[in-house]
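Asks: One file: final_36.csv (CSV, C-alpha atoms).
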chain,number,residue,atom,x,y,z
A,1,MET,CA,110.4,-107.7,-81.2
A,2,ASP,CA,111.1,-104.7,-83.3
A,3,SER,CA,110.4,-101.2,-82.1
A,4,VAL,CA,107.2,-100.7,-84.1
A,5,THR,CA,105.5,-103.6,-82.4
A,6,LEU,CA,106.8,-102.5,-79.1
A,7,ILE,CA,105.6,-98.9,-79.4
A,8,GLY,CA,102.2,-100.1,-80.7
A,9,MET,CA,101.7,-102.5,-77.9
A,10,ALA,CA,102.9,-100.0,-75.2
A,11,SER,CA,100.6,-97.3,-76.6
A,12,ILE,CA,97.5,-99.5,-76.6
A,13,VAL,CA,98.1,-100.8,-73.1
A,14,ALA,CA,98.9,-97.4,-71.8
A,15,ALA,CA,95.8,-95.9,-73.4
A,16,GLY,CA,93.6,-98.5,-71.8
A,17,LEU,CA,95.2,-98.1,-68.4
A,18,THR,CA,95.0,-94.3,-68.7
A,19,ILE,CA,91.2,-94.1,-69.3
A,20,GLY,CA,90.5,-97.1,-67.0
A,21,ILE,CA,92.3,-95.8,-63.9
A,22,GLY,CA,91.5,-92.2,-64.7
A,23,ALA,CA,87.8,-92.7,-64.8
A,24,ILE,CA,87.6,-94.1,-61.2
A,25,GLY,CA,88.3,-90.9,-59.3
A,26,PRO,CA,85.9,-88.6,-61.2
A,27,ALA,CA,83.2,-91.3,-61.1
A,28,LEU,CA,83.4,-91.5,-57.3
A,29,GLY,CA,83.5,-87.7,-57.0
A,30,GLU,CA,80.6,-87.1,-59.3
A,31,GLY,CA,78.6,-89.7,-57.5
A,32,ARG,CA,79.2,-88.0,-54.2
A,33,ALA,CA,78.4,-84.5,-55.7
A,34,VAL,CA,75.1,-85.7,-57.2
A,35,ALA,CA,74.1,-87.5,-54.0
A,36,GLN,CA,74.7,-84.3,-52.0
A,37,ALA,CA,72.9,-82.2,-54.5
A,38,LEU,CA,69.8,-84.5,-54.4
A,39,THR,CA,69.8,-84.4,-50.6
A,40,SER,CA,70.0,-80.6,-50.7
A,41,ILE,CA,67.1,-80.4,-53.3
A,42,ALA,CA,65.0,-82.7,-51.2
A,43,GLN,CA,65.6,-80.5,-48.1
A,44,GLN,CA,65.2,-77.1,-49.9
A,45,PRO,CA,63.2,-77.4,-53.0
A,46,ASP,CA,63.0,-73.6,-53.4
A,47,GLU,CA,66.7,-73.4,-54.1
A,48,THR,CA,66.6,-76.0,-56.9
A,49,ASN,CA,67.7,-73.5,-59.5
A,50,THR,CA,70.8,-72.4,-57.7
A,51,ILE,CA,71.7,-75.9,-56.6
A,52,THR,CA,71.3,-77.3,-60.1
A,53,ARG,CA,73.5,-74.6,-61.7
A,54,THR,CA,76.2,-75.0,-59.1
A,55,LEU,CA,76.0,-78.7,-59.5
A,56,PHE,CA,76.5,-78.5,-63.3
A,57,VAL,CA,79.5,-76.2,-63.0
A,58,GLY,CA,81.0,-78.4,-60.3
A,59,LEU,CA,80.4,-81.6,-62.3
A,60,ALA,CA,82.1,-80.0,-65.3
A,61,MET,CA,85.1,-79.3,-63.1
A,62,ILE,CA,85.2,-82.8,-61.6
A,63,GLU,CA,84.7,-84.3,-65.0
A,64,SER,CA,87.6,-82.5,-66.6
A,65,THR,CA,90.1,-84.8,-65.0
A,66,ALA,CA,88.5,-87.7,-66.7
A,67,ILE,CA,88.4,-85.7,-69.9
A,68,TYR,CA,92.2,-85.1,-69.6
A,69,CYS,CA,92.7,-88.9,-69.3
A,70,PHE,CA,90.5,-89.4,-72.4
A,71,VAL,CA,92.4,-86.9,-74.5
A,72,VAL,CA,95.7,-88.5,-73.5
A,73,SER,CA,94.5,-91.9,-74.5
A,74,MET,CA,93.1,-90.6,-77.7
A,75,ILE,CA,96.4,-89.0,-78.5
A,76,LEU,CA,98.2,-92.3,-77.7
A,77,ILE,CA,96.0,-94.2,-80.1
A,78,PHE,CA,95.3,-91.8,-83.0
A,79,ALA,CA,98.1,-89.2,-82.9
A,80,ASN,CA,101.0,-90.9,-81.3
A,81,PRO,CA,104.2,-88.9,-82.1
A,82,PHE,CA,106.6,-91.8,-81.3
A,83,TRP,CA,104.7,-94.1,-83.6
A,84,ASP,CA,104.7,-91.5,-86.4
A,85,PHE,CA,108.5,-91.0,-85.9
A,86,VAL,CA,109.3,-94.7,-86.1
A,87,VAL,CA,107.0,-95.3,-89.1
A,88,ARG,CA,108.6,-92.4,-90.9
A,89,GLN,CA,112.1,-93.7,-90.2
A,90,ALA,CA,111.2,-97.1,-91.4
A,91,GLY,CA,109.5,-95.7,-94.5
A,92,GLY,CA,112.4,-93.4,-95.6
B,1,MET,CA,86.5,-86.8,-91.4
B,2,GLN,CA,87.7,-90.3,-90.7
B,3,LEU,CA,88.2,-92.1,-87.5
B,4,LYS,CA,91.9,-91.7,-87.4
B,5,ASP,CA,91.8,-87.9,-87.7
B,6,ILE,CA,91.9,-86.7,-84.1
B,7,SER,CA,91.0,-83.1,-85.1
B,8,PRO,CA,89.2,-81.5,-88.1
B,9,ASP,CA,92.4,-79.5,-88.6
B,10,GLN,CA,93.8,-82.5,-90.4
B,11,VAL,CA,91.0,-82.5,-93.0
B,12,VAL,CA,92.4,-80.1,-95.7
B,13,TYR,CA,90.1,-79.1,-98.5
B,14,TRP,CA,92.3,-76.8,-100.4
B,15,GLN,CA,96.0,-75.9,-100.2
B,16,TRP,CA,98.0,-73.3,-101.9
B,17,GLY,CA,101.6,-73.0,-100.6
B,18,PRO,CA,101.5,-72.3,-96.9
B,19,VAL,CA,97.9,-71.3,-97.0
B,20,SER,CA,95.5,-74.2,-96.3
B,21,LEU,CA,91.8,-74.3,-95.9
B,22,ASN,CA,90.9,-77.0,-93.4
B,23,ALA,CA,87.5,-78.2,-92.1
B,24,THR,CA,87.8,-76.2,-88.9
B,25,ILE,CA,88.1,-72.9,-90.7
B,26,VAL,CA,85.4,-73.7,-93.3
B,27,PHE,CA,82.8,-74.7,-90.7
B,28,THR,CA,83.7,-71.9,-88.3
B,29,TRP,CA,83.0,-69.4,-91.0
B,30,GLY,CA,80.0,-71.3,-92.0
B,31,VAL,CA,78.5,-71.1,-88.5
B,32,MET,CA,79.4,-67.5,-88.2
B,33,ALA,CA,77.8,-66.6,-91.5
B,34,LEU,CA,74.7,-68.6,-90.6
B,35,MET,CA,74.3,-66.8,-87.3
B,36,VAL,CA,74.8,-63.4,-88.8
B,37,VAL,CA,72.4,-64.0,-91.6
B,38,PHE,CA,69.7,-65.3,-89.3
B,39,ALA,CA,70.2,-62.4,-86.9
B,40,LEU,CA,70.0,-59.8,-89.7
B,41,LEU,CA,66.9,-61.4,-91.2
B,42,ILE,CA,65.1,-61.5,-87.9
B,43,THR,CA,66.1,-58.1,-86.6
B,44,ARG,CA,65.1,-56.4,-89.8
B,45,ARG,CA,61.5,-56.6,-88.8
B,46,LEU,CA,61.5,-56.0,-85.1
B,47,THR,CA,58.2,-54.6,-83.7
B,48,ALA,CA,57.0,-53.5,-80.3
B,49,GLN,CA,53.5,-54.4,-81.3
B,50,VAL,CA,51.5,-57.1,-79.6
B,51,ARG,CA,51.6,-59.3,-82.7
B,52,PHE,CA,55.2,-60.1,-83.6
B,53,SER,CA,56.8,-62.9,-85.6
B,54,ARG,CA,57.8,-66.2,-83.9
B,55,TRP,CA,61.5,-65.6,-84.8
B,56,GLN,CA,61.5,-62.4,-82.8
B,57,ASN,CA,60.0,-64.3,-80.0
B,58,LEU,CA,62.8,-66.8,-80.2
B,59,LEU,CA,65.5,-64.1,-80.1
B,60,GLU,CA,63.7,-62.4,-77.2
B,61,ILE,CA,63.6,-65.6,-75.2
B,62,LEU,CA,67.3,-66.2,-75.9
B,63,VAL,CA,68.5,-62.8,-74.9
B,64,ASP,CA,66.2,-62.6,-71.9
B,65,GLY,CA,67.4,-66.0,-70.7
B,66,MET,CA,71.0,-65.1,-71.0
B,67,LYS,CA,70.4,-61.8,-69.2
B,68,ASN,CA,68.7,-63.6,-66.3
B,69,GLN,CA,71.5,-66.1,-66.0
B,70,ILE,CA,74.2,-63.4,-66.0
B,71,ARG,CA,72.3,-61.4,-63.4
B,72,GLU,CA,71.9,-64.4,-61.1
B,73,ILE,CA,75.6,-65.4,-61.4
B,74,SER,CA,77.3,-62.0,-61.2
B,75,ARG,CA,74.6,-60.2,-59.1
B,76,GLU,CA,75.1,-57.1,-61.2
B,77,ALA,CA,73.4,-55.5,-64.2
B,78,PRO,CA,74.0,-57.9,-67.1
B,79,GLY,CA,74.4,-55.2,-69.8
B,80,ARG,CA,78.2,-55.1,-69.7
B,81,TYR,CA,78.7,-58.8,-69.8
B,82,LEU,CA,76.0,-59.7,-72.3
B,83,PRO,CA,77.9,-59.1,-75.5
B,84,PHE,CA,80.9,-61.2,-74.6
B,85,ILE,CA,79.3,-64.0,-72.6
B,86,GLY,CA,76.3,-64.2,-75.0
B,87,THR,CA,78.5,-64.5,-78.0
B,88,LEU,CA,80.5,-67.3,-76.5
B,89,PHE,CA,77.4,-69.2,-75.5
B,90,LEU,CA,75.6,-68.8,-78.8
B,91,PHE,CA,78.7,-69.6,-80.9
B,92,ILE,CA,79.4,-72.8,-79.0
B,93,PHE,CA,75.8,-73.7,-78.8
B,94,VAL,CA,75.2,-73.4,-82.6
B,95,CYS,CA,78.5,-75.2,-83.3
B,96,ASN,CA,77.5,-78.2,-81.1
B,97,LEU,CA,73.8,-78.2,-82.2
B,98,LEU,CA,74.6,-78.4,-85.9
B,99,THR,CA,76.1,-81.9,-85.5
B,100,VAL,CA,72.8,-83.3,-86.5
B,101,VAL,CA,73.5,-82.1,-90.0
B,102,PRO,CA,75.2,-84.8,-92.1
B,103,PHE,CA,78.8,-84.2,-93.2
B,104,TYR,CA,79.1,-81.4,-90.7
B,105,VAL,CA,82.2,-81.4,-88.4
B,106,ALA,CA,81.8,-79.3,-85.3
B,107,PRO,CA,84.6,-76.6,-85.1
B,108,THR,CA,84.6,-77.1,-81.3
B,109,ALA,CA,86.0,-80.6,-81.9
B,110,SER,CA,89.3,-79.0,-82.8
B,111,LEU,CA,91.7,-77.9,-80.0
B,112,SER,CA,92.5,-74.8,-82.1
B,113,THR,CA,89.0,-73.4,-81.8
B,114,THR,CA,88.6,-74.1,-78.1
B,115,ALA,CA,92.0,-72.8,-77.3
B,116,ALA,CA,91.1,-69.5,-79.1
B,117,LEU,CA,87.9,-69.2,-77.2
B,118,ALA,CA,89.7,-69.9,-73.9
B,119,LEU,CA,92.3,-67.3,-74.7
B,120,CYS,CA,89.5,-64.8,-75.3
B,121,VAL,CA,88.3,-65.5,-71.7
B,122,PHE,CA,91.9,-65.3,-70.5
B,123,VAL,CA,92.3,-61.8,-71.9
B,124,ALA,CA,88.8,-60.7,-70.9
B,125,VAL,CA,89.3,-61.4,-67.2
B,126,PRO,CA,92.0,-58.8,-66.6
B,127,LEU,CA,90.2,-56.3,-68.9
B,128,PHE,CA,87.0,-56.4,-66.9
B,129,GLY,CA,88.9,-56.6,-63.6
B,130,ILE,CA,91.1,-53.5,-64.4
B,131,ARG,CA,88.1,-51.6,-65.7
B,132,ASP,CA,86.3,-52.2,-62.4
B,133,ARG,CA,89.0,-52.0,-59.8
B,134,GLY,CA,91.9,-50.2,-61.4
B,135,LEU,CA,95.2,-51.7,-62.3
B,136,GLY,CA,96.5,-51.7,-58.7
B,137,GLY,CA,93.3,-53.2,-57.3
B,138,TYR,CA,93.4,-55.9,-59.9
B,139,LEU,CA,97.0,-56.8,-59.3
B,140,LYS,CA,96.6,-56.8,-55.5
B,141,GLN,CA,94.2,-59.7,-55.9
B,142,TYR,CA,97.1,-61.9,-56.9
B,143,ILE,CA,98.8,-61.5,-53.5
B,144,GLN,CA,95.4,-61.7,-51.7
B,145,PRO,CA,95.9,-63.9,-48.7
B,146,THR,CA,99.7,-63.5,-48.5
B,147,VAL,CA,102.4,-62.7,-51.0
B,148,PHE,CA,103.5,-66.3,-51.0
B,149,MET,CA,100.3,-67.2,-52.9
B,150,LEU,CA,101.5,-65.3,-56.0
B,151,PRO,CA,102.9,-68.2,-58.0
B,152,PHE,CA,99.9,-70.3,-57.2
B,153,ASN,CA,97.5,-67.6,-58.3
B,154,VAL,CA,99.3,-67.1,-61.5
B,155,MET,CA,99.4,-70.9,-62.1
B,156,GLY,CA,95.7,-71.2,-61.3
B,157,GLU,CA,95.0,-68.5,-63.9
B,158,LEU,CA,96.9,-70.4,-66.6
B,159,SER,CA,95.7,-73.9,-65.7
B,160,ARG,CA,92.0,-72.9,-65.7
B,161,THR,CA,92.4,-71.5,-69.2
B,162,LEU,CA,93.9,-74.8,-70.3
B,163,ALA,CA,91.1,-76.7,-68.5
B,164,LEU,CA,88.5,-74.5,-70.3
B,165,ALA,CA,90.0,-75.4,-73.7
B,166,VAL,CA,90.6,-79.1,-73.1
B,167,ARG,CA,87.2,-79.7,-71.4
B,168,LEU,CA,85.2,-78.4,-74.4
B,169,PHE,CA,87.5,-80.1,-76.9
B,170,GLY,CA,87.5,-83.4,-75.1
B,171,ASN,CA,83.7,-83.5,-74.7
B,172,ILE,CA,82.9,-82.7,-78.3
B,173,MET,CA,85.7,-84.8,-79.7
B,174,SER,CA,84.7,-87.8,-77.5
B,175,GLY,CA,81.1,-87.5,-78.7
B,176,MET,CA,82.2,-87.7,-82.3
B,177,LYS,CA,84.6,-90.6,-81.7
B,178,ILE,CA,82.2,-92.7,-79.8
B,179,GLY,CA,79.6,-92.3,-82.5
B,180,ALA,CA,82.2,-93.3,-85.2
B,181,ILE,CA,83.4,-96.3,-83.2
B,182,LEU,CA,79.9,-97.6,-82.4
B,183,LEU,CA,79.0,-97.2,-86.1
B,184,ALA,CA,81.6,-99.9,-86.8
B,185,ILE,CA,80.5,-102.2,-84.0
B,186,ALA,CA,76.7,-101.9,-83.7
B,187,PRO,CA,75.5,-99.9,-86.7
B,188,ILE,CA,71.7,-99.4,-86.3
B,189,LEU,CA,70.5,-98.2,-82.9
B,190,PHE,CA,73.4,-97.4,-80.6
B,191,PRO,CA,75.1,-94.6,-82.7
B,192,VAL,CA,71.7,-92.7,-82.8
B,193,VAL,CA,71.4,-93.0,-79.0
B,194,MET,CA,75.0,-91.9,-78.4
B,195,HIS,CA,74.5,-89.1,-80.9
B,196,ALA,CA,71.5,-87.8,-78.9
B,197,LEU,CA,73.6,-88.0,-75.8
B,198,GLY,CA,76.3,-86.0,-77.6
B,199,LEU,CA,73.8,-83.3,-78.4
B,200,LEU,CA,72.9,-83.0,-74.7
B,201,THR,CA,76.5,-82.9,-73.8
B,202,GLY,CA,77.2,-80.2,-76.4
B,203,ILE,CA,74.4,-78.0,-75.0
B,204,ILE,CA,75.5,-78.5,-71.4
B,205,GLN,CA,79.1,-77.8,-72.4
B,206,ALA,CA,78.1,-74.5,-74.1
B,207,TYR,CA,76.3,-73.5,-71.0
B,208,ILE,CA,79.2,-74.5,-68.7
B,209,PHE,CA,81.7,-72.6,-70.9
B,210,ALA,CA,79.6,-69.4,-70.6
B,211,VAL,CA,79.0,-69.9,-66.9
B,212,LEU,CA,82.7,-70.5,-66.1
B,213,ALA,CA,83.7,-67.5,-68.2
B,214,MET,CA,81.1,-65.4,-66.3
B,215,VAL,CA,82.3,-66.8,-62.9
B,216,TYR,CA,86.0,-66.0,-63.7
B,217,ILE,CA,85.2,-62.4,-64.8
B,218,ALA,CA,82.8,-61.8,-61.9
B,219,SER,CA,85.4,-63.0,-59.4
B,220,ALA,CA,88.1,-60.7,-60.9
B,221,SER,CA,85.9,-57.7,-61.1
B,222,ARG,CA,83.8,-57.9,-57.9
B,223,ALA,CA,85.5,-59.0,-54.7
B,224,GLN,CA,86.0,-55.6,-53.1
B,225,LYS,CA,82.5,-55.9,-51.6
B,226,GLU,CA,83.3,-59.4,-50.3
B,227,LYS,CA,86.8,-59.5,-49.1
B,228,HIS,CA,86.8,-63.1,-47.9
B,229,GLY,CA,87.4,-66.0,-50.3
B,230,ASP,CA,86.3,-66.4,-53.9
B,231,PRO,CA,82.5,-66.0,-53.9
B,232,GLY,CA,82.1,-67.1,-57.5
B,233,LYS,CA,83.5,-70.5,-57.0
B,234,GLY,CA,80.8,-72.0,-54.9
B,235,ALA,CA,81.3,-75.3,-56.7
B,236,GLU,CA,84.6,-76.0,-55.1
B,237,GLY,CA,83.5,-76.2,-51.5
B,238,LYS,CA,85.9,-77.8,-49.1
B,239,GLU,CA,85.0,-81.3,-47.9
B,240,ARG,CA,85.2,-81.3,-44.1
B,241,SER,CA,84.4,-84.9,-43.2
B,242,PRO,CA,87.5,-87.0,-42.5
B,243,ASN,CA,86.4,-90.2,-44.0
B,244,GLY,CA,87.0,-90.7,-47.8
Before anything else, please render the file you have as structure tokens.
Replies:
Amino acid sequence: MDSVTLIGMASIVAAGLTIGIGAIGPALGEGRAVAQALTSIAQQPDETNTITRTLFVGLAMIESTAIYCFVVSMILIFANPFWDFVVRQAGG
Amino acid sequence: MQLKDISPDQVVYWQWGPVSLNATIVFTWGVMALMVVFALLITRRLTAQVRFSRWQNLLEILVDGMKNQIREISREAPGRYLPFIGTLFLFIFVCNLLTVVPFYVAPTASLSTTAALALCVFVAVPLFGIRDRGLGGYLKQYIQPTVFMLPFNVMGELSRTLALAVRLFGNIMSGMKIGAILLAIAPILFPVVMHALGLLTGIIQAYIFAVLAMVYIASASRAQKEKHGDPGKGAEGKERSPNG
């Protein structure tokens, strides 16, 4: 197996693993956060505005870990520096 | 912009030596020109009469809504923060909303744009903090619980700037990529649905960027009234229950 095949295979497998495993934690966290927020809104409907705003900000913070994983997997697939290096070496 | 371009920086329209004109620059200036022209056209005919144009109504709703949000978050008069926070919000909002236009590439899908916006927030936080509490008061906040927290506070300042940039970039870029990938797999209905979801995400991200910037600035500039903790960051409450 030459290095181009190896790097391509490793990149694709690593990208899939990255987004697959990285989405688990934020999904659980967001589920808990939304469940808590719904409970709070049900208990105190007057505070809906504050709860919703805080929920959105918190969700964005929780979600950012998943977004990091997504960006890393996108870089592995579309802008892989190792792949570019090997292809450039093979080309010239 | 094709599927393999990860950022609109790689779409170069015109190059002359080291000077290149890529899609990010073109569309950033396009959005800025659009917003300035609209604002000039509308504010040329402002009236305090009972009958006013519907465009003036739109601007009044926007400015009033932003003022109310800033007042609720910072619990201060919104006048000082409105120019900075409002500009951030409106720019990102218009950038993300214009993705319904064909052949348009959102400048916020490039890490350069979002990093520049996050750096603006990174610079604005100490400026507002020093103006409110003085240089010593602002620097003392870094050693707030004990002096051993200094490296963590500095690291937190840097990493939240990075998070601000990558969050916006990742959300907008992922919306575009998912649309493009689905276009190749299921061309009729699904890309439209995902595009609508991308519009919603874009609006929420614009709101979140502005709110986070406001929260950071407020937590740096307030705080002498409330000594304990970081009152702005209510979203990061500690989980007490032992089970997972």
Asks: Would you give me, as JSON lines, each residue of chain A having an atom within 7 Å of an atom of chain B, along with its shortest atom pair and that distance in Å to one decimal, using all atoms listed in the file and sorting by chain and residue number?
Replies:
{"residue": "A:Thr54", "atom": "CA", "partner": "B:Ala235", "partner_atom": "CA", "distance": 5.6}
{"residue": "A:Leu55", "atom": "CA", "partner": "B:Ala235", "partner_atom": "CA", "distance": 6.9}
{"residue": "A:Val57", "atom": "CA", "partner": "B:Ile208", "partner_atom": "CA", "distance": 6.0}
{"residue": "A:Gly58", "atom": "CA", "partner": "B:Ala235", "partner_atom": "CA", "distance": 4.8}
{"residue": "A:Ser64", "atom": "CA", "partner": "B:Arg167", "partner_atom": "CA", "distance": 5.6}
{"residue": "A:Ile67", "atom": "CA", "partner": "B:Gly170", "partner_atom": "CA", "distance": 5.8}
{"residue": "A:Val71", "atom": "CA", "partner": "B:Gly170", "partner_atom": "CA", "distance": 6.1}
{"residue": "A:Phe78", "atom": "CA", "partner": "B:Lys4", "partner_atom": "CA", "distance": 5.6}
{"residue": "A:Ala79", "atom": "CA", "partner": "B:Ile6", "partner_atom": "CA", "distance": 6.8}
Asks: Using all atoms listed in the file, which of the listed residues (A:Gly8, A:Ser73, A:Gly91, A:Thr52) sits closest to Ala33 (chain A)?
Replies: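 For Ala33 (chain A), the nearest of the candidates is A:Thr52.
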Asks: As a ChimeraX atom specification, please: the residues near region 22-32 of chain A (cut-off 7 Å, only C-alpha atoms, same-chain neighbours under 6 positions excluded).
Replies: /A:59,62-63,65-66,69
Asks: Find the distance between CA of Phe82 (chain A) and CA of Asn22 (chain B) and write it in Å to one decimal.
Replies: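 Atom-to-atom, CA of Phe82 (chain A) and CA of Asn22 (chain B) are spaced 24.7 Å apart.
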Asks: Contacts of Phe27 (chain B) at 12 Å or less, counting all atoms listed in the file, minus same-chain residues fewer than 5 places along, as a VMD selection string?
Replies: chain B and resid 8 to 9 11 13 21 to 22 32 to 34 91 94 to 96 98 to 99 101 103 to 110 113
Asks: Interatomic distance between CA of Tyr68 (chain A) and CA of Ile19 (chain A)?
Replies: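 Those two atoms sit 9.1 Å apart.
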Asks: For a quick check of understanding, using only C-alpha atoms, which of A:Thr39, A:Val86, A:Thr50, A:Ala15 has the smallest distance to Met74 (chain A)?
Replies: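 Ranked by minimum distance to Met74 (chain A), first place goes to A:Ala15.
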Asks: Take CA of Gly79 (chain B) and CA of Leu119 (chain B) and report the distance between them in Å, one decimal.
Replies: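 CA of Leu119 (chain B) lies at a distance of 22.2 Å from CA of Gly79 (chain B).
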